[in-house]
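Engineer: Input: one structure, supplied below.
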Amino acid sequence: MEVGSQASDSNATQQRDVFDKDCPARTVLDKLTSRWGVLILAALRCGPMRFHVLRDRIGGISEKMLSQNLRTFTEYGLTERTVEPTIPPQVSYALTPLGTEAAEQLHGLLAWVGANAETIVRFHARTE
C-alpha cells in the first residue's frame with residue numbers, strides 16, 4: 001500500500017507544470033526571480049556575507065527588503081543564517097547547497113542580461 005502511495009506521489013511531482021496557475025513551483029519561482037531575490041543569491045554566490053556588507057553590495061536595497069528576502073530564503077532552505085556569539089552579535093548569511101545550485105542557474109541569466117542590456121535598452125528607445 002505504501003509503495004502505491006509513493007508511486008502516486010512521484011507521478012504527482014512529475015506532472016506538476018510551472019505553467020499551471022496552481023503549481024507550487026510558481027511560489028518558488030516568484031521568490032527566486034524577484035527584483036531583489038536574484039541579486040541576493042548572486043551576491044552570496046561569492047561566499048558568506050554579513051548583513052550590512054550584503055546590503056552595501058546590492059545598491060538600492062533597503063534593510064527591510066533585504067531582511068524579508070533573507071528570512072524567506074532561509075525558510076525555503078536556500079540560505080543559512082549564522083550568529084557569532086560576539087558582542088554585539090555578528091550575523092552572516094551563506095547559501096546552502098540548494099541555494100548554491102539556484103545561484104549558479106541564475107548566474108547564467110545575469111551574465112546574459114549583462115551582455116545584452118545595452119542592445120535591449122537601445123532597441124526599446126527606438127520603439128518609443
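Chain labels follow the order of the C-alpha cells: the first chain is A, the next B, and so on; residue numbering restarts at 1 in every chain, and ligands are counted from 1 in their shown order.
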As an MDAnalysis selection string, list the residues of chain A assigned to alpha helix (DSSP H) by DSSP on the backbone atoms of this structure.
Structural biologist: chainID A and resid 2:15 25:32 35:44 51:57 63:75 97:127
Engineer: Taking the chain letters and numbering used in this document, name the residues of range 26-124 of chain A that DSSP puts in strand (DSSP E or B), as a list in words.
Structural biologist: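 Filtering range 26-124 of chain A down to strand (DSSP E or B) leaves Met49, Arg50, Thr79, Glu80, Arg81, Thr82, Val83, Glu84, Gln90, Val91, Ser92, Tyr93, Ala94 and Leu95 of chain A.
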Engineer: Deliver the residues from the most recent selection as a file, using N, CA and C atoms, as a PDB file, in the first residue's frame.
Structural biologist:
```
ATOM      1  N   MET A  49      28.328  36.374   3.745  1.00  0.00           N
ATOM      2  CA  MET A  49      28.443  37.821   3.947  1.00  0.00           C
ATOM      3  C   MET A  49      27.641  38.236   5.162  1.00  0.00           C
ATOM      4  N   ARG A  50      28.173  39.219   5.840  1.00  0.00           N
ATOM      5  CA  ARG A  50      27.416  39.831   6.932  1.00  0.00           C
ATOM      6  C   ARG A  50      26.314  40.694   6.332  1.00  0.00           C
ATOM      7  N   THR A  79      19.229  29.703   2.013  1.00  0.00           N
ATOM      8  CA  THR A  79      20.313  30.363   2.745  1.00  0.00           C
ATOM      9  C   THR A  79      20.317  29.868   4.187  1.00  0.00           C
ATOM     10  N   GLU A  80      21.450  30.072   4.827  1.00  0.00           N
ATOM     11  CA  GLU A  80      21.529  29.777   6.254  1.00  0.00           C
ATOM     12  C   GLU A  80      22.062  31.011   6.962  1.00  0.00           C
ATOM     13  N   ARG A  81      21.556  31.202   8.149  1.00  0.00           N
ATOM     14  CA  ARG A  81      21.908  32.364   8.969  1.00  0.00           C
ATOM     15  C   ARG A  81      22.793  31.877  10.102  1.00  0.00           C
ATOM     16  N   THR A  82      23.938  32.521  10.264  1.00  0.00           N
ATOM     17  CA  THR A  82      24.868  32.161  11.334  1.00  0.00           C
ATOM     18  C   THR A  82      25.068  33.368  12.240  1.00  0.00           C
ATOM     19  N   VAL A  83      24.885  33.154  13.540  1.00  0.00           N
ATOM     20  CA  VAL A  83      25.082  34.216  14.525  1.00  0.00           C
ATOM     21  C   VAL A  83      26.339  33.897  15.315  1.00  0.00           C
ATOM     22  N   GLU A  84      27.313  34.796  15.247  1.00  0.00           N
ATOM     23  CA  GLU A  84      28.553  34.636  16.002  1.00  0.00           C
ATOM     24  C   GLU A  84      28.322  35.164  17.421  1.00  0.00           C
ATOM     25  N   GLN A  90      27.413  39.039  15.612  1.00  0.00           N
ATOM     26  CA  GLN A  90      27.668  39.234  14.180  1.00  0.00           C
ATOM     27  C   GLN A  90      26.862  38.180  13.427  1.00  0.00           C
ATOM     28  N   VAL A  91      26.005  38.641  12.539  1.00  0.00           N
ATOM     29  CA  VAL A  91      25.147  37.741  11.767  1.00  0.00           C
ATOM     30  C   VAL A  91      25.649  37.701  10.336  1.00  0.00           C
ATOM     31  N   SER A  92      25.810  36.488   9.807  1.00  0.00           N
ATOM     32  CA  SER A  92      26.192  36.351   8.407  1.00  0.00           C
ATOM     33  C   SER A  92      25.246  35.372   7.724  1.00  0.00           C
ATOM     34  N   TYR A  93      25.206  35.473   6.416  1.00  0.00           N
ATOM     35  CA  TYR A  93      24.335  34.636   5.597  1.00  0.00           C
ATOM     36  C   TYR A  93      25.179  33.937   4.540  1.00  0.00           C
ATOM     37  N   ALA A  94      24.809  32.699   4.250  1.00  0.00           N
ATOM     38  CA  ALA A  94      25.506  31.919   3.237  1.00  0.00           C
ATOM     39  C   ALA A  94      24.484  31.076   2.493  1.00  0.00           C
ATOM     40  N   LEU A  95      24.845  30.691   1.299  1.00  0.00           N
ATOM     41  CA  LEU A  95      23.990  29.801   0.526  1.00  0.00           C
ATOM     42  C   LEU A  95      24.110  28.377   1.041  1.00  0.00           C
TER      43      LEU A  95
END
```
Engineer: Just the residues within 10 Å of Val18 in chain A, please, counting only C-alpha atoms, with nothing from its chain fewer than 6 positions along; format it as a ChimeraX atom specification.
Structural biologist: /A:24-27,29
Engineer: Measure the distance from CA of Cys46 in chain A to CA of Pro85 in chain A in Å and round it to one decimal.
Structural biologist: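 Rounded to one decimal, the two atoms are 23.6 Å apart.
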Engineer: Considering only C-alpha atoms, state which residue in the set A:Gly108, A:Gly60, A:Pro97, A:Gly77 is at the smallest distance from Arg35 in chain A.
Structural biologist: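 With only C-alpha atoms as the atom set, the closest residue is A:Gly60.
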Engineer: In terms of the shortest atom-to-atom distance over only C-alpha atoms, which of A:Leu109, A:Ala115, A:Ile120, A:Cys23 is closest to Ala42 in chain A?
Structural biologist: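 Of all the options, A:Leu109 lies closest to Ala42 in chain A.
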Engineer: Would you compute the distance between CA of His124 in chain A and CA of Trp36 in chain A? Give it in Å to one decimal.
Structural biologist: 23.1 Å
Engineer: Can you list, as a list in words, every protein, DNA or RNA residue that comes within 10 Å of range 67-72 of chain A when you count only C-alpha atoms, leaving out same-chain residues fewer than 2 positions away?
Structural biologist: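 Here the answer would be Lys31, Leu32, Ser34, Trp36, Gly37, Ile40, Leu41, Phe51, Arg55, Ile61, Ser62, Glu63, Lys64, Met65, Thr74, Glu75, Tyr76, Gly77, Leu78, Thr79, Glu80, Arg81, Tyr93 and Ala94 of chain A.
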Engineer: Create the file for the chosen residues now, containing C-alpha atoms and written as a short mmCIF file (atom, residue, chain, number, x, y, z; two decimals), in the first residue's frame.
Structural biologist:
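Everything below was put into part-v1.cif:
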```
data_model
loop_
_atom_site.label_atom_id
_atom_site.label_comp_id
_atom_site.auth_asym_id
_atom_site.auth_seq_id
_atom_site.Cartn_x
_atom_site.Cartn_y
_atom_site.Cartn_z
CA LYS A 31 10.83 34.20 -4.70
CA LEU A 32 13.91 33.32 -6.75
CA SER A 34 12.01 38.72 -7.61
CA TRP A 36 15.97 41.54 -5.10
CA GLY A 37 16.00 37.75 -4.93
CA ILE A 40 20.84 38.50 -3.19
CA LEU A 41 21.51 34.97 -4.39
CA PHE A 51 24.09 41.61 6.64
CA ARG A 55 23.21 45.42 1.89
CA ILE A 61 18.05 47.62 -1.43
CA SER A 62 16.55 48.69 1.88
CA GLU A 63 17.34 46.86 5.09
CA LYS A 64 13.68 45.87 5.31
CA MET A 65 13.65 44.26 1.84
CA THR A 74 16.24 30.78 4.96
CA GLU A 75 12.70 29.41 5.39
CA TYR A 76 12.90 27.86 1.91
CA GLY A 77 16.29 26.27 2.64
CA LEU A 78 18.26 28.41 0.21
CA THR A 79 20.31 30.36 2.74
CA GLU A 80 21.53 29.78 6.25
CA ARG A 81 21.91 32.36 8.97
CA TYR A 93 24.33 34.64 5.60
CA ALA A 94 25.51 31.92 3.24
#
```
Engineer: If I take CA of Arg45 in chain A and CA of Leu66 in chain A, how far is one from the other in Å, to one decimal?
Structural biologist: 15.8 Å
